[in-house]
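**Q** If it helps, the file is called final32.cif and holds mmCIF, C-alpha atoms and all ligand atoms; chains and numbers go by the auth columns:
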```
data_entry
#
loop_
_atom_site.group_PDB
_atom_site.id
_atom_site.type_symbol
_atom_site.label_atom_id
_atom_site.label_comp_id
_atom_site.label_asym_id
_atom_site.label_seq_id
_atom_site.Cartn_x
_atom_site.Cartn_y
_atom_site.Cartn_z
_atom_site.B_iso_or_equiv
_atom_site.auth_seq_id
_atom_site.auth_asym_id
ATOM 1 C CA MET A 1 -17.810 -2.519 -12.118 0.00 7 U
ATOM 2 C CA SER A 2 -17.089 0.984 -10.774 0.00 8 U
ATOM 3 C CA LEU A 3 -16.154 1.456 -7.141 0.00 9 U
ATOM 4 C CA ALA A 4 -16.858 4.547 -5.032 0.00 10 U
ATOM 5 C CA LEU A 5 -15.755 5.014 -1.435 0.00 11 U
ATOM 6 C CA TYR A 6 -17.601 7.514 0.732 0.00 12 U
ATOM 7 C CA GLY A 7 -15.538 8.796 3.649 0.00 13 U
ATOM 8 C CA HIS A 8 -13.275 11.518 4.925 0.00 14 U
ATOM 9 C CA PRO A 9 -9.456 11.705 4.624 0.00 15 U
ATOM 10 C CA PHE A 10 -9.054 12.344 8.388 0.00 16 U
ATOM 11 C CA SER A 11 -11.353 9.485 9.453 0.00 17 U
ATOM 12 C CA SER A 12 -9.618 6.480 10.936 0.00 18 U
ATOM 13 C CA TYR A 13 -12.236 4.025 9.685 0.00 19 U
ATOM 14 C CA THR A 14 -12.040 5.544 6.201 0.00 20 U
ATOM 15 C CA TRP A 15 -8.292 4.807 6.266 0.00 21 U
ATOM 16 C CA LYS A 16 -9.100 1.201 6.999 0.00 22 U
ATOM 17 C CA ALA A 17 -10.864 0.872 3.618 0.00 23 U
ATOM 18 C CA LEU A 18 -8.398 3.144 1.811 0.00 24 U
ATOM 19 C CA ILE A 19 -5.378 1.053 2.868 0.00 25 U
ATOM 20 C CA ALA A 20 -6.972 -2.026 1.278 0.00 26 U
ATOM 21 C CA LEU A 21 -7.736 -0.115 -1.924 0.00 27 U
ATOM 22 C CA TYR A 22 -4.285 1.483 -2.131 0.00 28 U
ATOM 23 C CA ALA A 23 -2.432 -1.762 -1.345 0.00 29 U
ATOM 24 C CA ASN A 24 -3.921 -3.402 -4.417 0.00 30 U
ATOM 25 C CA ASP A 25 -3.951 -0.297 -6.598 0.00 31 U
ATOM 26 C CA THR A 26 -7.693 -0.817 -7.001 0.00 32 U
ATOM 27 C CA PRO A 27 -9.287 1.966 -9.089 0.00 33 U
ATOM 28 C CA PHE A 28 -12.034 3.814 -7.225 0.00 34 U
ATOM 29 C CA GLU A 29 -13.609 7.242 -6.884 0.00 35 U
ATOM 30 C CA PHE A 30 -13.312 8.927 -3.478 0.00 36 U
ATOM 31 C CA ARG A 31 -16.493 10.758 -2.485 0.00 37 U
ATOM 32 C CA GLU A 32 -15.757 13.005 0.462 0.00 38 U
ATOM 33 C CA ILE A 33 -18.410 13.494 3.102 0.00 39 U
ATOM 34 C CA GLY A 34 -18.530 16.095 5.867 0.00 40 U
ATOM 35 C CA PRO A 35 -19.810 19.621 6.505 0.00 41 U
ATOM 36 C CA GLY A 36 -18.373 21.118 3.297 0.00 42 U
ATOM 37 C CA ALA A 37 -19.017 18.104 1.081 0.00 43 U
ATOM 38 C CA ALA A 38 -21.649 17.583 -1.594 0.00 44 U
ATOM 39 C CA ALA A 39 -25.089 17.205 0.020 0.00 45 U
ATOM 40 C CA GLN A 40 -25.797 14.038 -1.936 0.00 46 U
ATOM 41 C CA HIS A 41 -22.684 12.347 -0.518 0.00 47 U
ATOM 42 C CA ASN A 42 -23.778 13.072 3.062 0.00 48 U
ATOM 43 C CA ALA A 43 -27.324 11.977 2.260 0.00 49 U
ATOM 44 C CA PHE A 44 -25.999 8.758 0.735 0.00 50 U
ATOM 45 C CA ILE A 45 -24.181 7.597 3.869 0.00 51 U
ATOM 46 C CA HIS A 46 -27.117 8.516 6.106 0.00 52 U
ATOM 47 C CA ALA A 47 -29.366 6.378 3.938 0.00 53 U
ATOM 48 C CA ALA A 48 -26.832 3.566 3.507 0.00 54 U
ATOM 49 C CA HIS A 49 -25.664 3.044 7.122 0.00 55 U
ATOM 50 C CA PRO A 50 -27.962 2.392 10.102 0.00 56 U
ATOM 51 C CA ALA A 51 -26.031 4.947 12.170 0.00 57 U
ATOM 52 C CA GLY A 52 -24.990 7.258 9.321 0.00 58 U
ATOM 53 C CA LYS A 53 -21.352 6.217 9.775 0.00 59 U
ATOM 54 C CA PHE A 54 -18.637 5.986 7.185 0.00 60 U
ATOM 55 C CA PRO A 55 -16.860 4.570 5.230 0.00 61 U
ATOM 56 C CA VAL A 56 -19.426 3.177 2.817 0.00 62 U
ATOM 57 C CA LEU A 57 -18.435 1.403 -0.386 0.00 63 U
ATOM 58 C CA ALA A 58 -20.604 1.413 -3.519 0.00 64 U
ATOM 59 C CA ASP A 59 -19.642 -1.381 -5.881 0.00 65 U
ATOM 60 C CA GLY A 60 -21.990 -1.021 -8.824 0.00 66 U
ATOM 61 C CA GLU A 61 -25.406 -1.814 -7.337 0.00 67 U
ATOM 62 C CA SER A 62 -23.926 -3.304 -4.141 0.00 68 U
ATOM 63 C CA ILE A 63 -23.552 -1.128 -1.069 0.00 69 U
ATOM 64 C CA VAL A 64 -21.151 -2.358 1.604 0.00 70 U
ATOM 65 C CA ILE A 65 -21.045 -0.798 5.069 0.00 71 U
ATOM 66 C CA GLU A 66 -18.651 -1.322 7.999 0.00 72 U
ATOM 67 C CA ALA A 67 -14.935 -1.052 7.313 0.00 73 U
ATOM 68 C CA THR A 68 -14.166 -4.709 8.068 0.00 74 U
ATOM 69 C CA ALA A 69 -16.879 -5.866 5.667 0.00 75 U
ATOM 70 C CA ILE A 70 -15.527 -3.477 3.028 0.00 76 U
ATOM 71 C CA VAL A 71 -12.044 -5.007 3.331 0.00 77 U
ATOM 72 C CA GLU A 72 -13.518 -8.526 3.154 0.00 78 U
ATOM 73 C CA HIS A 73 -15.613 -7.506 0.117 0.00 79 U
ATOM 74 C CA LEU A 74 -12.499 -6.182 -1.625 0.00 80 U
ATOM 75 C CA ALA A 75 -10.610 -9.391 -0.771 0.00 81 U
ATOM 76 C CA VAL A 76 -13.289 -11.435 -2.520 0.00 82 U
ATOM 77 C CA HIS A 77 -14.387 -9.223 -5.423 0.00 83 U
ATOM 78 C CA HIS A 78 -11.319 -7.101 -6.222 0.00 84 U
ATOM 79 C CA ARG A 79 -8.353 -9.345 -5.691 0.00 85 U
ATOM 80 C CA GLY A 80 -4.849 -7.973 -6.128 0.00 86 U
ATOM 81 C CA PRO A 81 -1.248 -8.617 -5.077 0.00 87 U
ATOM 82 C CA ALA A 82 -2.119 -8.091 -1.388 0.00 88 U
ATOM 83 C CA PRO A 83 -4.540 -10.917 -0.490 0.00 89 U
ATOM 84 C CA LEU A 84 -6.021 -8.871 2.416 0.00 90 U
ATOM 85 C CA LEU A 85 -6.934 -12.126 4.191 0.00 91 U
ATOM 86 C CA PRO A 86 -4.501 -15.015 4.682 0.00 92 U
ATOM 87 C CA ALA A 87 -5.379 -17.943 2.408 0.00 93 U
ATOM 88 C CA ALA A 88 -5.253 -20.542 5.208 0.00 94 U
ATOM 89 C CA PRO A 89 -8.545 -20.550 7.164 0.00 95 U
ATOM 90 C CA ALA A 90 -6.765 -20.814 10.540 0.00 96 U
ATOM 91 C CA ALA A 91 -4.572 -17.809 9.770 0.00 97 U
ATOM 92 C CA ALA A 92 -7.631 -15.917 8.473 0.00 98 U
ATOM 93 C CA ALA A 93 -9.394 -16.587 11.786 0.00 99 U
ATOM 94 C CA VAL A 94 -6.431 -15.059 13.651 0.00 100 U
ATOM 95 C CA ALA A 95 -6.515 -12.032 11.310 0.00 101 U
ATOM 96 C CA ARG A 96 -10.209 -11.558 12.098 0.00 102 U
ATOM 97 C CA MET A 97 -9.508 -11.846 15.840 0.00 103 U
ATOM 98 C CA LEU A 98 -6.867 -9.112 15.619 0.00 104 U
ATOM 99 C CA ASP A 99 -9.207 -6.955 13.550 0.00 105 U
ATOM 100 C CA ARG A 100 -11.722 -7.138 16.414 0.00 106 U
ATOM 101 C CA VAL A 101 -9.023 -6.312 18.983 0.00 107 U
ATOM 102 C CA PHE A 102 -7.910 -3.207 17.075 0.00 108 U
ATOM 103 C CA ASP A 103 -11.479 -2.016 16.450 0.00 109 U
ATOM 104 C CA ASN A 104 -13.049 -2.807 19.812 0.00 110 U
ATOM 105 C CA TYR A 105 -10.198 -2.018 22.214 0.00 111 U
ATOM 106 C CA VAL A 106 -7.797 0.343 20.409 0.00 112 U
ATOM 107 C CA MET A 107 -10.003 2.353 18.021 0.00 113 U
ATOM 108 C CA ALA A 108 -12.985 2.408 20.415 0.00 114 U
ATOM 109 C CA ASN A 109 -10.932 3.656 23.372 0.00 115 U
ATOM 110 C CA MET A 110 -9.205 6.244 21.172 0.00 116 U
ATOM 111 C CA GLN A 111 -12.634 7.422 19.995 0.00 117 U
ATOM 112 C CA ARG A 112 -13.810 7.472 23.637 0.00 118 U
ATOM 113 C CA VAL A 113 -11.053 9.968 24.480 0.00 119 U
ATOM 114 C CA VAL A 114 -11.836 12.044 21.378 0.00 120 U
ATOM 115 C CA GLY A 115 -15.548 11.944 22.204 0.00 121 U
ATOM 116 C CA ALA A 116 -14.829 13.355 25.681 0.00 122 U
ATOM 117 C CA TYR A 117 -13.900 16.644 23.989 0.00 123 U
ATOM 118 C CA LEU A 118 -17.129 16.862 21.993 0.00 124 U
ATOM 119 C CA THR A 119 -20.750 17.540 22.637 0.00 125 U
ATOM 120 C CA ASN A 120 -23.692 16.213 20.628 0.00 126 U
ATOM 121 C CA THR A 121 -21.912 13.101 19.413 0.00 127 U
ATOM 122 C CA GLU A 122 -25.266 11.547 18.455 0.00 128 U
ATOM 123 C CA VAL A 123 -25.628 10.895 14.724 0.00 129 U
ATOM 124 C CA GLY A 124 -27.251 13.800 12.888 0.00 130 U
ATOM 125 C CA ASN A 125 -26.354 16.405 15.517 0.00 131 U
ATOM 126 C CA ASN A 126 -23.836 19.145 14.977 0.00 132 U
ATOM 127 C CA VAL A 127 -20.678 18.213 16.857 0.00 133 U
ATOM 128 C CA THR A 128 -19.072 21.035 18.815 0.00 134 U
ATOM 129 C CA LEU A 129 -15.971 21.250 20.967 0.00 135 U
ATOM 130 C CA LEU A 130 -16.548 21.361 24.734 0.00 136 U
ATOM 131 C CA ASP A 131 -14.816 24.091 26.768 0.00 137 U
ATOM 132 C CA GLN A 132 -13.622 21.378 29.153 0.00 138 U
ATOM 133 C CA PRO A 133 -13.354 17.690 28.211 0.00 139 U
ATOM 134 C CA ASP A 134 -15.073 15.071 30.365 0.00 140 U
ATOM 135 C CA LEU A 135 -11.986 14.047 32.351 0.00 141 U
ATOM 136 C CA GLY A 136 -13.544 10.808 33.572 0.00 142 U
ATOM 137 C CA GLU A 137 -14.112 9.701 29.990 0.00 143 U
ATOM 138 C CA VAL A 138 -10.582 10.739 29.006 0.00 144 U
ATOM 139 C CA ALA A 139 -9.123 8.672 31.859 0.00 145 U
ATOM 140 C CA ALA A 140 -11.329 5.653 31.098 0.00 146 U
ATOM 141 C CA GLY A 141 -10.410 5.717 27.404 0.00 147 U
ATOM 142 C CA ARG A 142 -6.700 6.021 28.137 0.00 148 U
ATOM 143 C CA GLN A 143 -6.858 3.190 30.693 0.00 149 U
ATOM 144 C CA GLY A 144 -8.640 1.018 28.113 0.00 150 U
ATOM 145 C CA LEU A 145 -5.884 1.801 25.618 0.00 151 U
ATOM 146 C CA ARG A 146 -3.193 0.810 28.114 0.00 152 U
ATOM 147 C CA ARG A 147 -4.877 -2.561 28.650 0.00 153 U
ATOM 148 C CA ALA A 148 -5.156 -3.072 24.890 0.00 154 U
ATOM 149 C CA TYR A 149 -1.495 -2.128 24.402 0.00 155 U
ATOM 150 C CA ASP A 150 -0.455 -4.631 27.105 0.00 156 U
ATOM 151 C CA TRP A 151 -2.502 -7.399 25.488 0.00 157 U
ATOM 152 C CA LEU A 152 -1.037 -6.675 22.061 0.00 158 U
ATOM 153 C CA GLU A 153 2.490 -6.477 23.464 0.00 159 U
ATOM 154 C CA ARG A 154 2.090 -9.963 24.976 0.00 160 U
ATOM 155 C CA TRP A 155 0.564 -11.279 21.727 0.00 161 U
ATOM 156 C CA LEU A 156 3.440 -9.879 19.665 0.00 162 U
ATOM 157 C CA ALA A 157 5.976 -11.590 21.931 0.00 163 U
ATOM 158 C CA HIS A 158 4.864 -14.967 20.553 0.00 164 U
ATOM 159 C CA ASN A 159 3.161 -14.232 17.227 0.00 165 U
ATOM 160 C CA ALA A 160 3.643 -12.296 14.019 0.00 166 U
ATOM 161 C CA LEU A 161 1.195 -10.451 11.789 0.00 167 U
ATOM 162 C CA PRO A 162 0.396 -11.855 8.320 0.00 168 U
ATOM 163 C CA PRO A 163 3.412 -11.178 6.051 0.00 169 U
ATOM 164 C CA HIS A 164 1.418 -9.024 3.593 0.00 170 U
ATOM 165 C CA VAL A 165 -0.958 -6.074 3.755 0.00 171 U
ATOM 166 C CA SER A 166 -4.077 -7.610 5.251 0.00 172 U
ATOM 167 C CA LEU A 167 -7.224 -6.884 7.208 0.00 173 U
ATOM 168 C CA VAL A 168 -4.940 -6.621 10.241 0.00 174 U
ATOM 169 C CA THR A 169 -2.852 -3.879 8.601 0.00 175 U
ATOM 170 C CA CYS A 170 -6.031 -2.026 7.649 0.00 176 U
ATOM 171 C CA ALA A 171 -7.327 -2.159 11.239 0.00 177 U
ATOM 172 C CA ALA A 172 -4.041 -1.715 13.083 0.00 178 U
ATOM 173 C CA ALA A 173 -2.505 1.210 11.197 0.00 179 U
ATOM 174 C CA PRO A 174 -5.214 3.862 11.739 0.00 180 U
ATOM 175 C CA ALA A 175 -6.010 2.586 15.237 0.00 181 U
ATOM 176 C CA LEU A 176 -2.386 2.782 16.403 0.00 182 U
ATOM 177 C CA PHE A 177 -1.732 6.019 14.524 0.00 183 U
ATOM 178 C CA TYR A 178 -4.434 7.968 16.363 0.00 184 U
ATOM 179 C CA ALA A 179 -4.337 6.040 19.661 0.00 185 U
ATOM 180 C CA ASP A 180 -0.681 6.966 20.142 0.00 186 U
ATOM 181 C CA TRP A 181 -1.719 10.616 19.969 0.00 187 U
ATOM 182 C CA VAL A 182 -4.027 10.296 23.000 0.00 188 U
ATOM 183 C CA GLU A 183 -2.103 7.641 24.982 0.00 189 U
ATOM 184 C CA PRO A 184 1.506 7.315 23.781 0.00 190 U
ATOM 185 C CA ILE A 185 2.537 3.682 23.355 0.00 191 U
ATOM 186 C CA GLY A 186 6.029 4.557 24.583 0.00 192 U
ATOM 187 C CA ASN A 187 8.455 2.322 26.414 0.00 193 U
ATOM 188 C CA GLY A 188 5.734 0.244 28.045 0.00 194 U
ATOM 189 C CA ALA A 189 5.010 -1.628 24.812 0.00 195 U
ATOM 190 C CA PRO A 190 8.193 -1.624 22.688 0.00 196 U
ATOM 191 C CA ARG A 191 7.071 -4.294 20.203 0.00 197 U
ATOM 192 C CA LEU A 192 3.843 -2.412 19.580 0.00 198 U
ATOM 193 C CA ALA A 193 5.761 0.851 19.124 0.00 199 U
ATOM 194 C CA VAL A 194 7.939 -0.853 16.473 0.00 200 U
ATOM 195 C CA LEU A 195 4.849 -2.272 14.790 0.00 201 U
ATOM 196 C CA ARG A 196 3.280 1.211 14.628 0.00 202 U
ATOM 197 C CA ALA A 197 6.413 2.633 13.006 0.00 203 U
ATOM 198 C CA GLN A 198 6.529 -0.241 10.475 0.00 204 U
ATOM 199 C CA LEU A 199 2.868 0.216 9.579 0.00 205 U
ATOM 200 C CA LEU A 200 3.240 3.988 9.144 0.00 206 U
ATOM 201 C CA ALA A 201 6.077 3.392 6.665 0.00 207 U
ATOM 202 C CA LEU A 202 3.937 1.255 4.329 0.00 208 U
ATOM 203 C CA PRO A 203 3.128 3.169 1.099 0.00 209 U
ATOM 204 C CA ALA A 204 -0.627 2.557 1.444 0.00 210 U
ATOM 205 C CA VAL A 205 -0.562 3.957 4.987 0.00 211 U
ATOM 206 C CA SER A 206 1.785 6.894 4.386 0.00 212 U
ATOM 207 C CA ARG A 207 -0.560 8.003 1.593 0.00 213 U
ATOM 208 C CA CYS A 208 -3.440 8.169 4.096 0.00 214 U
ATOM 209 C CA ILE A 209 -1.251 10.092 6.555 0.00 215 U
ATOM 210 C CA ALA A 210 -0.280 12.620 3.873 0.00 216 U
ATOM 211 C CA ASP A 211 -3.864 13.167 2.702 0.00 217 U
ATOM 212 C CA ALA A 212 -5.072 13.644 6.296 0.00 218 U
ATOM 213 C CA ARG A 213 -2.330 16.114 7.253 0.00 219 U
ATOM 214 C CA PRO A 214 -4.300 19.286 6.325 0.00 220 U
ATOM 215 C CA PHE A 215 -7.033 18.297 8.819 0.00 221 U
ATOM 216 C CA ARG A 216 -4.840 17.793 11.902 0.00 222 U
ATOM 217 C CA SER A 217 -5.939 21.015 13.561 0.00 223 U
ATOM 218 C CA TYR A 218 -9.424 19.473 13.852 0.00 224 U
ATOM 219 C CA PHE A 219 -8.252 16.655 16.152 0.00 225 U
ATOM 220 C CA PRO A 220 -10.315 17.483 19.253 0.00 226 U
ATOM 221 C CA PRO A 221 -7.670 16.710 21.945 0.00 227 U
ATOM 222 C CA GLY A 222 -5.038 18.536 19.840 0.00 228 U
ATOM 223 C CA ALA A 223 -2.666 16.754 17.465 0.00 229 U
ATOM 224 C CA PRO A 224 0.986 16.439 18.473 0.00 230 U
ATOM 225 C CA ASP A 225 3.653 17.888 16.191 0.00 231 U
ATOM 226 C CA ARG A 226 4.626 14.487 14.781 0.00 232 U
ATOM 227 C CA ASP A 227 3.107 11.498 12.988 0.00 233 U
HETATM 228 N N1 LIG B . -18.235 0.359 12.958 0.00 301 U
HETATM 229 C C1 LIG B . -18.006 1.367 11.941 0.00 301 U
HETATM 230 C C2 LIG B . -17.439 2.593 12.624 0.00 301 U
HETATM 231 C C3 LIG B . -17.272 3.742 11.665 0.00 301 U
HETATM 232 C C4 LIG B . -17.070 5.074 12.377 0.00 301 U
HETATM 233 O O1 LIG B . -17.083 5.177 13.606 0.00 301 U
HETATM 234 N N2 LIG B . -16.870 6.086 11.559 0.00 301 U
HETATM 235 C C5 LIG B . -16.734 7.430 12.074 0.00 301 U
HETATM 236 C C6 LIG B . -15.632 8.165 11.317 0.00 301 U
HETATM 237 S S1 LIG B . -14.035 7.496 11.698 0.00 301 U
HETATM 238 C C7 LIG B . -18.045 8.155 11.823 0.00 301 U
HETATM 239 O O2 LIG B . -18.795 7.774 10.967 0.00 301 U
HETATM 240 N N3 LIG B . -18.299 9.205 12.588 0.00 301 U
HETATM 241 C C8 LIG B . -19.465 10.023 12.375 0.00 301 U
HETATM 242 C C9 LIG B . -20.646 9.577 13.181 0.00 301 U
HETATM 243 O O3 LIG B . -20.504 8.695 14.046 0.00 301 U
HETATM 244 O O4 LIG B . -21.721 10.151 12.970 0.00 301 U
HETATM 245 C C10 LIG B . -17.065 0.811 10.874 0.00 301 U
HETATM 246 O O5 LIG B . -16.299 -0.119 11.173 0.00 301 U
HETATM 247 O O6 LIG B . -17.093 1.259 9.720 0.00 301 U
#
```
Here is the file; what I need is its structure written in the form of structure tokens.
**A**
Amino acid sequence: MSLALYGHPFSSYTWKALIALYANDTPFEFREIGPGAAAQHNAFIHAAHPAGKFPVLADGESIVIEATAIVEHLAVHHRGPAPLLPAAPAAAAVARMLDRVFDNYVMANMQRVVGAYLTNTEVGNNVTLLDQPDLGEVAAGRQGLRRAYDWLERWLAHNALPPHVSLVTCAAAPALFYADWVEPIGNGAPRLAVLRAQLLALPAVSRCIADARPFRSYFPPGAPDRD
């Protein structure tokens, strides 16, 4: 059954699906979406997802939306050396909890800061850069990140991530990569800073970083001169 992933190389949620695919060397076709992309690719995601968001996975006749569901779909239907979800149900439940933490409190607050630099963030509108960001939104997003970092730092003091590339890796790597750009993790959360560095060194993640590098100038708050 042929797999196609619709997404963009600079998109954090696209990375989440790509890391799972790369970790298991799963063959797939990447179908880029965005302003310069093939019209049918953009039309496909707008038809496939209730909010026109990406990534979207096409697996033969099956269409899977939402990055977490894509990773879970791959874990079930395209198994490989990286199990993506721990085999033990209790450990899998913890992996799903962490996936929610990274999406809802790291990725969402990072996107809140990014969104403060943009106008027309509604789906289907042309997004443009504001002359001045909404400083209240920037501060709220950064404060939310700090709280998420503190929670994760406490969690890491007593727990470890699954010992293989998993749903947690897929959620944590892009979330921490971009979040650190808008609110540096720094000395306040040393375990989390180490985790970010470890995740960035994984082959599946460093491949995403390399493929996204040409797009860094588009990061609305401005990308730092480092990974
Ligand atoms: N809950 C979605 C979020 C996906 C998401 O926010 N994707 C961004 C790209 S990283 C997007 O589609 N942005 C364009 C838009 O919102 O119209 C998921 O987990 O897949």
**Q** Would you write out, as CSV, a table of all residues in chain U that have an atom no more than 10 Å from an atom of ligand LIG 301 (chain U), listing for each the closest atom pair and the distance in Å to one decimal, considering only C-alpha atoms and all ligand atoms and ordering rows by chain and rising residue number?
**A**
```
residue,atom,partner,partner_atom,distance
U:Gly13,CA,U:LIG301,C6,7.7
U:His14,CA,U:LIG301,C6,7.6
U:Pro15,CA,U:LIG301,S1,9.4
U:Phe16,CA,U:LIG301,S1,7.7
U:Ser17,CA,U:LIG301,S1,4.0
U:Ser18,CA,U:LIG301,S1,4.6
U:Tyr19,CA,U:LIG301,S1,4.4
U:Thr20,CA,U:LIG301,S1,6.2
U:Trp21,CA,U:LIG301,S1,8.3
U:Lys22,CA,U:LIG301,O5,8.4
U:Ala23,CA,U:LIG301,O6,8.7
U:Ile39,CA,U:LIG301,O2,9.7
U:Gly40,CA,U:LIG301,C8,8.9
U:Ile51,CA,U:LIG301,O2,8.9
U:His52,CA,U:LIG301,O4,8.9
U:His55,CA,U:LIG301,O6,9.1
U:Ala57,CA,U:LIG301,O4,6.8
U:Gly58,CA,U:LIG301,O4,5.7
U:Lys59,CA,U:LIG301,O2,3.2
U:Phe60,CA,U:LIG301,O2,4.2
U:Pro61,CA,U:LIG301,O6,5.6
U:Val62,CA,U:LIG301,O6,7.5
U:Val70,CA,U:LIG301,O6,9.8
U:Ile71,CA,U:LIG301,O6,6.4
U:Glu72,CA,U:LIG301,O6,3.5
U:Ala73,CA,U:LIG301,O6,4.0
U:Thr74,CA,U:LIG301,O5,5.9
U:Ala75,CA,U:LIG301,O5,8.0
U:Ile76,CA,U:LIG301,O6,8.3
U:Arg106,CA,U:LIG301,O5,9.9
U:Asp109,CA,U:LIG301,O5,7.4
U:Asn110,CA,U:LIG301,N1,9.2
U:Met113,CA,U:LIG301,O1,8.8
U:Ala114,CA,U:LIG301,O1,8.4
U:Gln117,CA,U:LIG301,O1,8.1
U:Asn126,CA,U:LIG301,O4,10.0
U:Thr127,CA,U:LIG301,O3,7.1
U:Glu128,CA,U:LIG301,O4,6.7
U:Val129,CA,U:LIG301,O4,4.3
U:Gly130,CA,U:LIG301,O4,6.6
U:Asn131,CA,U:LIG301,O4,8.2
U:Asn132,CA,U:LIG301,O4,9.5
U:Val133,CA,U:LIG301,O4,9.0
U:Ala177,CA,U:LIG301,O5,9.2
U:Pro180,CA,U:LIG301,S1,9.5
```
**Q** Run through the PyMOL selection byres (((chain U and resi 173) around 8) and not hetatm) on the given coordinates and return the selected residues as a list in words.
**A** Ala26, Thr74, Val77, Glu78, Leu90, Leu91, Ala101, Arg102, Asp105, Val171, Ser172, Val174, Thr175, Cys176 and Ala177 of chain U
**Q** Please evaluate the PyMOL selection byres (((chain U and resi 146) around 12) and not hetatm) against the displayed coordinates and give the resulting residues as a list in words.
**A**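 Selected by the PyMOL selection byres (((chain U and resi 146) around 12) and not hetatm) in this file: Tyr111, Ala114, Asn115, Met116, Gln117, Arg118, Val119, Val120, Gly121, Ala122, Asp140, Leu141, Gly142, Glu143, Val144, Ala145, Gly147, Arg148, Gln149, Gly150, Leu151, Arg152, Arg153, Val188 and Glu189 of chain U.
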**Q** Please save C-alpha atoms of the selected residues as a compact mmCIF listing (two decimals), in the coordinates of the input.
**A**
```txt
# COMPACT_ATOMS: atom_id res chain seq x y z
CA TYR U 111 -10.20 -2.02 22.21
CA ALA U 114 -12.98 2.41 20.42
CA ASN U 115 -10.93 3.66 23.37
CA MET U 116 -9.20 6.24 21.17
CA GLN U 117 -12.63 7.42 20.00
CA ARG U 118 -13.81 7.47 23.64
CA VAL U 119 -11.05 9.97 24.48
CA VAL U 120 -11.84 12.04 21.38
CA GLY U 121 -15.55 11.94 22.20
CA ALA U 122 -14.83 13.36 25.68
CA ASP U 140 -15.07 15.07 30.36
CA LEU U 141 -11.99 14.05 32.35
CA GLY U 142 -13.54 10.81 33.57
CA GLU U 143 -14.11 9.70 29.99
CA VAL U 144 -10.58 10.74 29.01
CA ALA U 145 -9.12 8.67 31.86
CA GLY U 147 -10.41 5.72 27.40
CA ARG U 148 -6.70 6.02 28.14
CA GLN U 149 -6.86 3.19 30.69
CA GLY U 150 -8.64 1.02 28.11
CA LEU U 151 -5.88 1.80 25.62
CA ARG U 152 -3.19 0.81 28.11
CA ARG U 153 -4.88 -2.56 28.65
CA VAL U 188 -4.03 10.30 23.00
CA GLU U 189 -2.10 7.64 24.98
```
**Q** How many Å lie between CA of Glu159 (chain U) and CA of Ala94 (chain U), rounded to one decimal?
**A**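 These atoms are spaced 24.3 Å apart.
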**Q** Find the residues around Ala203 (chain U) up to 12 Å (all atoms listed in the file counted), leave out those fewer than 3 positions away in its own chain, and share them as a ChimeraX atom specification.
**A** /U:178-180,182-183,186,191-192,196-200,206-208,211-212,233
**Q** For a quick check of understanding, using all atoms listed in the file, which of U:Leu24, U:Ala166, U:Leu136, U:Ala64 has the smallest distance to Val100 (chain U)?
**A** U:Ala166
**Q** Would you please work out which residue, of U:Leu9, U:Ala98, U:Ala154, U:Ala49, is nearest to Ser68 (chain U) when using all atoms listed in the file?
**A** U:Leu9
**Q** Quick check, in Å to one decimal: how far apart do CA of Val107 (chain U) and CA of His84 (chain U) lie?
**A**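 Pair CA of Val107 (chain U) / CA of His84 (chain U) returns 25.3 Å.
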**Q** U:Ala218, U:Pro139, U:Pro168, U:Gln204: which is nearest Leu124 (chain U), counting only C-alpha atoms?
**A**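 Using only C-alpha atoms, Leu124 (chain U) sits closest to U:Pro139.
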**Q** In Å to one decimal, how far is CA of Asn30 (chain U) from CA of Ala93 (chain U)?
**A**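 Computed distance, CA of Ala93 (chain U) to CA of Asn30 (chain U), equals 16.1 Å.
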**Q** When distances are computed from all atoms listed in the file, which of U:Cys214, U:Gly66, U:Tyr12, U:Leu158 shows the smallest separation from Ala43 (chain U)?
**A**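 Counting all atoms listed in the file, the residue closest to Ala43 (chain U) is U:Tyr12.
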**Q** Which residue, U:Ala29, U:Ala185, U:Ala10, U:Leu201, has the smallest gap to Pro230 (chain U) when you use all atoms listed in the file?
**A**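 Among U:Ala29, U:Ala185, U:Ala10, U:Leu201, it is U:Ala185 that comes nearest to Pro230 (chain U).
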